Amino acid sequence: MPQFRKFVLILAALFFVPWFIMIVQVLRAEKLTPEAYDKDRDGLDGFFPGDVVYRQGQLIYQQEGCVQCHTQMIRPSFAGIGDGWKKGWGSDQSAIPHDVIRPNVMLDYLREPVAPLGIMRIGPDLANFGYRAPDLNTLYLELYAPRALHPWSVMPSYRNLFVLKAIEGAGSSDAIKFPEGSGPGKDKEVVPTEEARQLVKYLISLRKDAPLPGHVPESAKK
Amino acid sequence: MDPTDTSTSTTDSLRRAAIDRSVRAPVLFFFANAAMWLLAATVMGLVASIKLFAPAFLDHGWLWFLNYGRLQPAHLNAFIYGWAMQAGLGASIWLMARRCGVILEKGAGTLIVACVFWNIGITLGELGILLGGGSPPFEWLFNGGTSYQWLEYPSLVWPVLLLAFILVAWKLYGMFANARKEAVFMITPWYILGACLWFPWIYITVNLFLNHYAHYTPLGAMGAAVNAWYVSGLIFLFFVPVGLGACYYFIPKITGQPVASYQLAQVGFWTLAALGGWTGYQKYMGGPLPSWMPALGGAVLILMLAPAGIVGLNHHLTTRGRHGMIQTSPTLRFIFVGSFSYVLMSGFAAVLGTFWGGALVQFTMAEYGFHLMALYAFFSMTMFGCIYYIVPRLTGCEWLSVRLIRNHFWFSVYGIAALVICMTIGGLAQGWSMNDPSNWDRNFSGVVEVSHGYLVGRTVAWAFILWSNTWFFIHLLFMVAGLGRRGVEPTLLVHDSHHDYVPGTLTSVTTTAQ
């Protein structure tokens, strides 16, 4: 069957090129290393990126399918498209931030096995959630009863990450404190499980707005 | 049996009947399982759609596994691997055997075993997405979903699916290698063989990278690019070739006219083969990738208009003068919609590949609309057409009811059209709202509110599709069980004059004198 073999070989050769280029990109991406700040130029010490996301919690994030609605990718602000959400989406938490939020670069996701860049953006972007994360109790409350604080929210309730139980004695110290008029009832309390703790620890660790070496804005220099 | 085959000799008819008999069991098995998963995927799609605008729907503590984050991937994966790929494989087996003129001497059992394992894999995967993870009492049984788009099944599933696929692909290659020499023009087998080569290739690469390699050597943002490459590859290197292979078989077969241009068909095939592997990265345009990658992916999507135009032109020329048959033949009617949707879908993809189009609707529901356009409007409609042609030839009985076929067709067409239109316009609205600087000092509620109406539309669309596919499933089960109509005349969609609906039954009765 020389004809048949030729057909398969040409097919394979045609596909081999884009496949090989993709493989090369992957192998180059894994060679990335943190970049050092130059004290004279950047006015900062240490390395970029600094912190790593909390991996154990990222597994919960993936298992619950958060990427279906939340992206982790700040886009550049050229051509009228971008993610310039003033309050909250960057490290500058003032009402009118001094600098435009920095779009994400590849190094931001260093040491994450597969960056959860996201499928759709039904809820807000979480790339820099760590900067705007509320206190622990509010965060647990948002996961357990999303509409207790934001009635317009369409986020599901992650009750499977919490335990609803009867109050014993003085009650658990880490039970969610509900606002007036909501909550599980008088003699019951809601306690986060280990998974909820890990997820929250991960969400707080999401900070991808550190200044880039060589592009440190004046306001960030020490 | 086939009204257009009056000129062929009895020997040929006998041989065709022998071929049909030899692949009967595996093809029907694939189709029946596929239709079941289609139904499951449609129900999940409906519930997931409702939850997007009414989060209180089915929101009880013990139904935590129906959260959108689990239900949406379960819905799409059941649709893709359960229905679409399985129907595609079933149709491929029959098309390959018929087109190559090969009687499947032995190996029907192997194909059935492959199908069984394919379904075991999907069942495990679905349970993993829905129930997996640390929530008792299932945490010892399943890993959770991976959240890699279209690869959400836990990592234990992919080798099962891969092996089952390779078994089928191996048999298909064997048929092609033993093809009878007089079968000269082989565009349908070409497309199917291409899909059989490309799918395992991308599937094994991407799964090894994302599910295994990445845990030892983090891939970071490039992992997301690999995932996007897979999604696009699955569309353009599996669904497009299998769907087009079926179109190239059935359009000439039913219109009774040869393919208009063999040269065009070949050019269309080879341009798809050359371009299909480059796309996907445009999903993360403006993202943390080397910027040439999304640019290249988008540019190739625009170039893909070439094969789409070529194939569309060829099919148009083949059908020319015989458009009347779209009225009567259920197969041609479904395949006409499918092949037309392929051209529309390529246009949509090209818009997503441009910067102004892609960045505007990036991360909006428009992408879901595009996926459903490829998976349902193009591929599923084509597969329905195949099933309406193939199944009567395997079971020896004809479809019971014109009414049910027509019901299936129109509700599917209206449903998918509504879905794609809602998701496209909704995606634009969402994109405009998200990118509008005057919204940037507010919270995200505006974007949520602006999508509300379109999500209601998406739900209505899925309800239509559910209605149509419920009847399709029942109709197909009757056929597989051998309870179809006994008669020589195929069930054609002629006007209702001689069809009387019998109250209280599912069917209408054909009272034509044979």
# chains A, B, ... in the order shown; residues from 1 in each chain; ligands from 1
>>> closest_atom_pairs(of="stretch 239-335 of chain B", to="stretch 85-103 of chain A", cutoff="10 Å", atoms="only C-alpha atoms", output="JSON lines")
{"residue": "B:Gly286", "atom": "CA", "partner": "A:Pro103", "partner_atom": "CA", "distance": 8.3}
{"residue": "B:Gly287", "atom": "CA", "partner": "A:Pro103", "partner_atom": "CA", "distance": 7.6}
{"residue": "B:Pro288", "atom": "CA", "partner": "A:Pro103", "partner_atom": "CA", "distance": 7.9}
>>> write_last_selection(atoms="C-alpha atoms", output="PDB file, in the first residue's frame")
ATOM      1  CA  GLY B 286      -3.990  40.205  25.135  1.00  0.00           C
ATOM      2  CA  GLY B 287      -3.047  37.628  27.732  1.00  0.00           C
ATOM      3  CA  PRO B 288       0.199  36.454  29.257  1.00  0.00           C
TER       4      PRO B 288
END
>>> interface_residues(of="chain B", to="chain A", cutoff="7 Å", atoms="only C-alpha atoms", output="NGL selection string")
:B and (52-53 or 55 or 61 or 64 or 67-70 or 133 or 135 or 144-147 or 210 or 214-215 or 217-224 or 273-274 or 277-278 or 286-289 or 359-360 or 363-365 or 435 or 440-441 or 444-445 or 448)
>>> write_last_selection(atoms="N, CA and C atoms", output="tab-separated table (two decimals), in the first residue's frame")
chain	number	residue	atom	x	y	z
B	52	LEU	N	-27.82	29.94	35.81
B	52	LEU	CA	-27.05	31.15	35.53
B	52	LEU	C	-27.83	32.42	35.80
B	53	PHE	N	-29.15	32.38	35.62
B	53	PHE	CA	-29.89	33.61	35.92
B	53	PHE	C	-30.78	33.47	37.14
B	55	PRO	N	-30.13	31.61	40.42
B	55	PRO	CA	-29.27	30.71	41.20
B	55	PRO	C	-30.02	29.96	42.30
B	61	GLY	N	-29.07	22.07	49.86
B	61	GLY	CA	-27.79	21.61	50.37
B	61	GLY	C	-27.35	20.28	49.78
B	64	TRP	N	-25.62	19.91	46.13
B	64	TRP	CA	-24.43	20.73	45.91
B	64	TRP	C	-23.73	20.36	44.61
B	67	ASN	N	-24.09	22.48	41.33
B	67	ASN	CA	-23.58	23.84	41.19
B	67	ASN	C	-23.10	24.07	39.77
B	68	TYR	N	-23.26	25.31	39.29
B	68	TYR	CA	-22.91	25.61	37.90
B	68	TYR	C	-21.48	25.17	37.56
B	69	GLY	N	-20.56	25.39	38.49
B	69	GLY	CA	-19.16	25.06	38.23
B	69	GLY	C	-18.93	23.58	37.95
B	70	ARG	N	-19.81	22.72	38.44
B	70	ARG	CA	-19.69	21.30	38.15
B	70	ARG	C	-20.62	20.89	37.01
B	133	GLY	N	-13.75	14.93	44.30
B	133	GLY	CA	-13.13	15.82	45.26
B	133	GLY	C	-13.36	15.37	46.67
B	135	SER	N	-15.47	15.87	48.92
B	135	SER	CA	-16.73	15.84	49.66
B	135	SER	C	-17.14	14.41	49.94
B	144	GLY	N	-11.43	14.99	41.76
B	144	GLY	CA	-12.38	15.97	41.25
B	144	GLY	C	-12.08	16.31	39.81
B	145	GLY	N	-12.96	17.15	39.21
B	145	GLY	CA	-12.72	17.63	37.86
B	145	GLY	C	-11.44	18.46	37.82
B	146	THR	N	-10.83	18.52	36.63
B	146	THR	CA	-9.55	19.21	36.51
B	146	THR	C	-9.70	20.68	36.17
B	147	SER	N	-10.89	21.08	35.69
B	147	SER	CA	-11.12	22.46	35.25
B	147	SER	C	-10.31	22.83	34.02
B	210	LEU	N	-0.97	18.34	30.58
B	210	LEU	CA	-1.76	19.00	31.61
B	210	LEU	C	-1.97	18.13	32.84
B	214	ALA	N	2.65	18.56	34.00
B	214	ALA	CA	2.54	19.86	34.66
B	214	ALA	C	2.71	19.76	36.17
B	215	HIS	N	2.43	18.60	36.74
B	215	HIS	CA	2.54	18.49	38.19
B	215	HIS	C	3.99	18.40	38.65
B	217	THR	N	6.62	19.66	36.39
B	217	THR	CA	7.26	20.83	35.80
B	217	THR	C	6.16	21.83	35.48
B	218	PRO	N	5.92	22.79	36.35
B	218	PRO	CA	4.79	23.70	36.13
B	218	PRO	C	4.86	24.41	34.78
B	219	LEU	N	3.74	24.47	34.11
B	219	LEU	CA	3.69	25.09	32.79
B	219	LEU	C	3.19	26.52	32.85
B	220	GLY	N	2.56	26.91	33.97
B	220	GLY	CA	2.07	28.27	34.10
B	220	GLY	C	1.07	28.62	33.02
B	221	ALA	N	1.21	29.84	32.49
B	221	ALA	CA	0.24	30.32	31.51
B	221	ALA	C	0.27	29.49	30.23
B	222	MET	N	1.42	28.87	29.93
B	222	MET	CA	1.48	28.10	28.70
B	222	MET	C	0.54	26.88	28.78
B	223	GLY	N	0.29	26.39	29.99
B	223	GLY	CA	-0.66	25.29	30.14
B	223	GLY	C	-2.04	25.68	29.64
B	224	ALA	N	-2.44	26.93	29.95
B	224	ALA	CA	-3.75	27.40	29.46
B	224	ALA	C	-3.75	27.49	27.94
B	273	ALA	N	-6.18	20.22	6.54
B	273	ALA	CA	-5.12	19.44	7.18
B	273	ALA	C	-3.92	20.32	7.50
B	274	ALA	N	-3.64	21.29	6.62
B	274	ALA	CA	-2.47	22.13	6.83
B	274	ALA	C	-2.72	23.19	7.89
B	277	GLY	N	-4.07	22.65	12.82
B	277	GLY	CA	-3.29	22.51	14.05
B	277	GLY	C	-2.78	23.81	14.62
B	278	TRP	N	-3.04	24.93	13.93
B	278	TRP	CA	-2.40	26.19	14.35
B	278	TRP	C	-3.30	27.04	15.23
B	286	GLY	N	-4.18	39.20	24.10
B	286	GLY	CA	-3.99	40.21	25.13
B	286	GLY	C	-3.58	39.60	26.45
B	287	GLY	N	-3.37	38.30	26.49
B	287	GLY	CA	-3.05	37.63	27.73
B	287	GLY	C	-1.56	37.40	27.90
B	288	PRO	N	-1.20	36.60	28.91
B	288	PRO	CA	0.20	36.45	29.26
B	288	PRO	C	0.95	35.45	28.38
B	289	LEU	N	0.73	35.49	27.07
B	289	LEU	CA	1.45	34.60	26.18
B	289	LEU	C	2.32	35.46	25.27
B	359	ALA	N	-11.31	40.28	20.98
B	359	ALA	CA	-11.10	40.93	22.27
B	359	ALA	C	-12.40	41.47	22.83
B	360	LEU	N	-13.31	41.88	21.95
B	360	LEU	CA	-14.58	42.42	22.43
B	360	LEU	C	-15.40	41.35	23.14
B	363	PHE	N	-14.01	36.03	26.77
B	363	PHE	CA	-14.54	35.61	28.08
B	363	PHE	C	-16.04	35.89	28.22
B	364	THR	N	-16.76	36.07	27.13
B	364	THR	CA	-18.21	36.23	27.24
B	364	THR	C	-18.90	34.96	26.74
B	365	MET	N	-20.24	34.98	26.78
B	365	MET	CA	-20.98	33.79	26.36
B	365	MET	C	-20.91	33.57	24.86
B	435	ASN	N	-16.11	46.23	28.99
B	435	ASN	CA	-15.00	47.05	28.50
B	435	ASN	C	-15.28	48.53	28.56
B	440	TRP	N	-16.26	51.27	35.11
B	440	TRP	CA	-15.13	50.73	35.86
B	440	TRP	C	-15.06	51.21	37.30
B	441	ASP	N	-15.86	52.22	37.64
B	441	ASP	CA	-15.84	52.60	39.05
B	441	ASP	C	-17.02	51.99	39.81
B	444	PHE	N	-19.44	44.69	39.78
B	444	PHE	CA	-19.66	43.90	38.56
B	444	PHE	C	-21.14	43.68	38.26
B	445	SER	N	-22.04	44.28	39.07
B	445	SER	CA	-23.45	43.93	38.94
B	445	SER	C	-24.01	44.29	37.57
B	448	VAL	N	-23.61	41.52	35.17
B	448	VAL	CA	-24.52	40.41	35.50
B	448	VAL	C	-25.93	40.74	35.01
>>> atom_distance(atom1="atom CA of B:Met381", atom2="atom CA of B:Ile416")
9.9 Å
>>> closest_residue(among="A:Asp209, A:Gly214, A:Tyr54, A:Asn137", to="A:Lys39", atoms="only C-alpha atoms")
A:Gly214
>>> select_by_dssp(residues="stretch 17-95 of chain A", states="alpha helix (DSSP H)", output="PDB file with C-alpha atoms, in the first residue's frame")
ATOM      1  CA  VAL A  17       4.761  21.370  12.312  1.00  0.00           C
ATOM      2  CA  PRO A  18       2.156  23.145  14.491  1.00  0.00           C
ATOM      3  CA  TRP A  19       2.413  20.356  17.062  1.00  0.00           C
ATOM      4  CA  PHE A  20       6.184  20.711  17.283  1.00  0.00           C
ATOM      5  CA  ILE A  21       5.959  24.494  17.612  1.00  0.00           C
ATOM      6  CA  MET A  22       3.502  24.075  20.476  1.00  0.00           C
ATOM      7  CA  ILE A  23       5.870  21.606  22.207  1.00  0.00           C
ATOM      8  CA  VAL A  24       8.801  24.014  21.809  1.00  0.00           C
ATOM      9  CA  GLN A  25       6.739  26.788  23.392  1.00  0.00           C
ATOM     10  CA  VAL A  26       5.930  24.576  26.360  1.00  0.00           C
ATOM     11  CA  LEU A  27       9.537  23.541  26.836  1.00  0.00           C
ATOM     12  CA  ARG A  28      10.626  27.180  26.670  1.00  0.00           C
ATOM     13  CA  ALA A  29       7.947  28.237  29.146  1.00  0.00           C
ATOM     14  CA  LYS A  39      18.129  48.171  43.289  1.00  0.00           C
ATOM     15  CA  ASP A  40      19.482  51.201  41.376  1.00  0.00           C
ATOM     16  CA  ARG A  41      17.044  51.051  38.502  1.00  0.00           C
ATOM     17  CA  ASP A  42      13.911  49.724  40.183  1.00  0.00           C
ATOM     18  CA  ARG A  55      -1.388  25.253  45.439  1.00  0.00           C
ATOM     19  CA  GLN A  56      -3.497  23.037  47.708  1.00  0.00           C
ATOM     20  CA  GLY A  57      -6.334  25.551  47.560  1.00  0.00           C
ATOM     21  CA  GLN A  58      -5.996  25.863  43.814  1.00  0.00           C
ATOM     22  CA  LEU A  59      -7.012  22.197  43.588  1.00  0.00           C
ATOM     23  CA  ILE A  60     -10.283  23.014  45.355  1.00  0.00           C
ATOM     24  CA  TYR A  61     -10.724  25.992  42.996  1.00  0.00           C
ATOM     25  CA  GLN A  62     -10.364  23.614  40.054  1.00  0.00           C
ATOM     26  CA  GLN A  63     -12.527  20.880  41.493  1.00  0.00           C
TER      27      GLN A  63
END
>>> closest_residue(among="B:Tyr376, B:Phe472, B:Tyr148, B:Phe464", to="B:Ala32", atoms="only C-alpha atoms")
B:Phe472
>>> residues_around(residues="B:Ala195", least_positions_apart="6", cutoff="10 Å", atoms="only C-alpha atoms", output="MDAnalysis selection string")
chainID B and resid 92 169 189 201 234 236:242 245 273
>>> atom_distance(atom1="atom CA of A:Ala196", atom2="atom CA of B:Gly125")
23.7 Å
>>> residues_around(residues="B:Met304", least_positions_apart="4", cutoff="10 Å", atoms="only C-alpha atoms", output="ChimeraX atom specification")
/B:236,268,271-272,274-276,279,298-300,308-309,346-347,349-350
>>> residues_around(residues="B:Leu493", least_positions_apart="6", cutoff="7 Å", atoms="only C-alpha atoms", output="MDAnalysis selection string")
chainID B and resid 327:330 402
>>> write_last_selection(atoms="C-alpha atoms", output="PDB file, in the first residue's frame")
ATOM      1  CA  GLN B 327     -38.021  18.971   1.424  1.00  0.00           C
ATOM      2  CA  THR B 328     -38.500  15.234   1.258  1.00  0.00           C
ATOM      3  CA  SER B 329     -35.340  13.531   2.487  1.00  0.00           C
ATOM      4  CA  PRO B 330     -34.845  13.805   6.260  1.00  0.00           C
ATOM      5  CA  VAL B 402     -42.769  11.651   9.774  1.00  0.00           C
TER       6      VAL B 402
END
>>> atom_distance(atom1="atom CA of B:Leu419", atom2="atom CA of B:Tyr342")
16.1 Å
>>> residues_around(residues="stretch 112-118 of chain B", least_positions_apart="4", cutoff="12 Å", atoms="only C-alpha atoms", output="PyMOL selection string")
chain B and resi 23-34+37+78+81-83+85-87+89-90+93+106-108+122-125+157-171
>>> write_last_selection(atoms="N, CA and C atoms", output="CSV table (one decimal), in the first residue's frame")
chain,number,residue,atom,x,y,z
B,23,VAL,N,-21.6,-4.6,10.0
B,23,VAL,CA,-21.3,-3.5,11.0
B,23,VAL,C,-22.6,-3.2,11.8
B,24,ARG,N,-23.6,-4.0,11.7
B,24,ARG,CA,-24.9,-3.6,12.3
B,24,ARG,C,-24.8,-3.4,13.8
B,25,ALA,N,-24.3,-4.4,14.5
B,25,ALA,CA,-24.3,-4.4,16.0
B,25,ALA,C,-23.5,-3.2,16.5
B,26,PRO,N,-22.2,-3.0,16.1
B,26,PRO,CA,-21.4,-1.9,16.7
B,26,PRO,C,-22.0,-0.5,16.4
B,27,VAL,N,-22.4,-0.4,15.1
B,27,VAL,CA,-22.9,1.0,14.8
B,27,VAL,C,-24.2,1.3,15.6
B,28,LEU,N,-25.1,0.4,15.7
B,28,LEU,CA,-26.3,0.7,16.5
B,28,LEU,C,-26.0,0.9,17.9
B,29,PHE,N,-25.0,0.1,18.4
B,29,PHE,CA,-24.6,0.3,19.8
B,29,PHE,C,-24.1,1.7,20.1
B,30,PHE,N,-23.2,2.1,19.2
B,30,PHE,CA,-22.7,3.5,19.3
B,30,PHE,C,-23.8,4.5,19.3
B,31,PHE,N,-24.7,4.4,18.3
B,31,PHE,CA,-25.8,5.4,18.2
B,31,PHE,C,-26.7,5.4,19.4
B,32,ALA,N,-27.1,4.2,19.9
B,32,ALA,CA,-28.0,4.2,21.0
B,32,ALA,C,-27.4,4.9,22.2
B,33,ASN,N,-26.1,4.5,22.5
B,33,ASN,CA,-25.4,5.1,23.7
B,33,ASN,C,-25.3,6.6,23.5
B,34,ALA,N,-24.9,7.0,22.2
B,34,ALA,CA,-24.8,8.4,22.0
B,34,ALA,C,-26.1,9.2,22.2
B,37,TRP,N,-26.6,9.8,25.9
B,37,TRP,CA,-25.7,10.9,26.4
B,37,TRP,C,-26.2,12.2,25.9
B,78,ALA,N,-20.3,15.6,28.5
B,78,ALA,CA,-21.2,14.6,28.1
B,78,ALA,C,-21.7,14.8,26.7
B,81,TYR,N,-18.0,14.1,24.4
B,81,TYR,CA,-17.5,12.8,24.4
B,81,TYR,C,-18.7,11.7,24.3
B,82,GLY,N,-19.7,12.0,25.1
B,82,GLY,CA,-20.8,11.1,25.1
B,82,GLY,C,-21.6,11.0,23.8
B,83,TRP,N,-22.1,12.2,23.4
B,83,TRP,CA,-22.9,12.2,22.2
B,83,TRP,C,-22.1,12.4,20.9
B,85,MET,N,-18.9,12.7,19.9
B,85,MET,CA,-17.8,11.8,19.4
B,85,MET,C,-18.3,10.4,19.2
B,86,GLN,N,-19.2,10.0,20.0
B,86,GLN,CA,-19.7,8.6,19.9
B,86,GLN,C,-20.5,8.4,18.6
B,87,ALA,N,-21.4,9.4,18.4
B,87,ALA,CA,-22.2,9.4,17.1
B,87,ALA,C,-21.2,9.4,15.9
B,89,LEU,N,-18.2,8.4,15.8
B,89,LEU,CA,-17.5,7.1,15.6
B,89,LEU,C,-18.4,6.1,14.9
B,90,GLY,N,-19.6,6.0,15.4
B,90,GLY,CA,-20.6,5.1,14.8
B,90,GLY,C,-20.8,5.4,13.3
B,93,ILE,N,-17.7,4.3,11.2
B,93,ILE,CA,-17.6,2.9,11.0
B,93,ILE,C,-18.4,2.5,9.7
B,106,LYS,N,-14.3,-9.9,10.7
B,106,LYS,CA,-14.3,-10.1,12.2
B,106,LYS,C,-13.9,-8.7,12.8
B,107,GLY,N,-14.2,-8.6,14.0
B,107,GLY,CA,-13.9,-7.3,14.7
B,107,GLY,C,-15.1,-6.5,15.1
B,108,ALA,N,-16.3,-7.0,14.8
B,108,ALA,CA,-17.4,-6.3,15.3
B,108,ALA,C,-17.4,-6.3,16.8
B,122,ILE,N,-16.6,7.6,30.1
B,122,ILE,CA,-17.4,8.8,30.2
B,122,ILE,C,-18.2,8.8,31.6
B,123,THR,N,-18.8,7.6,31.9
B,123,THR,CA,-19.5,7.6,33.2
B,123,THR,C,-18.6,7.9,34.4
B,124,LEU,N,-17.4,7.3,34.4
B,124,LEU,CA,-16.5,7.7,35.5
B,124,LEU,C,-16.2,9.2,35.5
B,125,GLY,N,-16.0,9.7,34.3
B,125,GLY,CA,-15.6,11.1,34.2
B,125,GLY,C,-16.7,12.0,34.6
B,157,VAL,N,-9.4,9.0,33.6
B,157,VAL,CA,-10.3,8.7,32.5
B,157,VAL,C,-9.6,8.7,31.1
B,158,TRP,N,-8.7,9.6,30.9
B,158,TRP,CA,-8.2,9.8,29.5
B,158,TRP,C,-7.6,8.5,28.9
B,159,PRO,N,-6.8,7.7,29.7
B,159,PRO,CA,-6.3,6.5,29.0
B,159,PRO,C,-7.4,5.6,28.6
B,160,VAL,N,-8.5,5.5,29.3
B,160,VAL,CA,-9.6,4.6,28.9
B,160,VAL,C,-10.2,5.1,27.6
B,161,LEU,N,-10.5,6.4,27.5
B,161,LEU,CA,-11.0,6.9,26.3
B,161,LEU,C,-10.0,6.8,25.1
B,162,LEU,N,-8.8,7.0,25.4
B,162,LEU,CA,-7.8,7.0,24.3
B,162,LEU,C,-7.7,5.5,23.8
B,163,LEU,N,-7.6,4.5,24.6
B,163,LEU,CA,-7.5,3.2,24.2
B,163,LEU,C,-8.7,2.8,23.4
B,164,ALA,N,-9.9,3.1,23.9
B,164,ALA,CA,-11.1,2.8,23.1
B,164,ALA,C,-11.1,3.4,21.7
B,165,PHE,N,-10.7,4.7,21.7
B,165,PHE,CA,-10.6,5.4,20.4
B,165,PHE,C,-9.7,4.7,19.5
B,166,ILE,N,-8.5,4.3,20.0
B,166,ILE,CA,-7.5,3.7,19.1
B,166,ILE,C,-8.0,2.4,18.6
B,167,LEU,N,-8.7,1.6,19.4
B,167,LEU,CA,-9.3,0.4,18.9
B,167,LEU,C,-10.1,0.6,17.6
B,168,VAL,N,-11.0,1.7,17.7
B,168,VAL,CA,-11.9,2.0,16.6
B,168,VAL,C,-11.1,2.5,15.4
B,169,ALA,N,-10.2,3.4,15.7
B,169,ALA,CA,-9.4,4.0,14.6
B,169,ALA,C,-8.6,2.9,13.9
B,170,TRP,N,-8.1,1.9,14.7
B,170,TRP,CA,-7.3,0.8,14.1
B,170,TRP,C,-8.2,0.0,13.1
B,171,LYS,N,-9.4,-0.3,13.5
B,171,LYS,CA,-10.4,-1.0,12.6
B,171,LYS,C,-10.6,-0.1,11.3
>>> closest_residue(among="B:His408, B:Arg442, B:Lys283, B:His315", to="B:Leu264", atoms="only C-alpha atoms")
B:His315
>>> closest_residue(among="B:Val351, B:Cys100, B:Ala35, B:Leu76", to="B:Arg15", atoms="only C-alpha atoms")
B:Cys100
>>> decode(residues="stretch 150-174 of chain B", atoms="C-alpha atoms", output="PDB file, in the first residue's frame")
ATOM      1  CA  TRP B 150     -13.194  20.202  27.602  1.00  0.00           C
ATOM      2  CA  LEU B 151     -10.782  17.996  29.572  1.00  0.00           C
ATOM      3  CA  GLU B 152     -12.502  18.229  32.928  1.00  0.00           C
ATOM      4  CA  TYR B 153     -12.648  14.478  33.461  1.00  0.00           C
ATOM      5  CA  PRO B 154     -10.394  13.293  36.301  1.00  0.00           C
ATOM      6  CA  SER B 155      -6.996  12.182  35.078  1.00  0.00           C
ATOM      7  CA  LEU B 156      -7.783   8.469  35.372  1.00  0.00           C
ATOM      8  CA  VAL B 157     -10.285   8.681  32.519  1.00  0.00           C
ATOM      9  CA  TRP B 158      -8.235   9.770  29.533  1.00  0.00           C
ATOM     10  CA  PRO B 159      -6.276   6.524  29.024  1.00  0.00           C
ATOM     11  CA  VAL B 160      -9.580   4.612  28.914  1.00  0.00           C
ATOM     12  CA  LEU B 161     -11.019   6.916  26.278  1.00  0.00           C
ATOM     13  CA  LEU B 162      -7.777   6.951  24.315  1.00  0.00           C
ATOM     14  CA  LEU B 163      -7.513   3.151  24.173  1.00  0.00           C
ATOM     15  CA  ALA B 164     -11.131   2.784  23.113  1.00  0.00           C
ATOM     16  CA  PHE B 165     -10.634   5.370  20.393  1.00  0.00           C
ATOM     17  CA  ILE B 166      -7.467   3.716  19.122  1.00  0.00           C
ATOM     18  CA  LEU B 167      -9.285   0.374  18.864  1.00  0.00           C
ATOM     19  CA  VAL B 168     -11.905   1.960  16.614  1.00  0.00           C
ATOM     20  CA  ALA B 169      -9.353   3.954  14.625  1.00  0.00           C
ATOM     21  CA  TRP B 170      -7.332   0.781  14.082  1.00  0.00           C
ATOM     22  CA  LYS B 171     -10.354  -0.970  12.590  1.00  0.00           C
ATOM     23  CA  LEU B 172     -11.090   2.024  10.372  1.00  0.00           C
ATOM     24  CA  TYR B 173      -7.531   2.068   9.044  1.00  0.00           C
ATOM     25  CA  GLY B 174      -7.830  -1.651   8.395  1.00  0.00           C
TER      26      GLY B 174
END
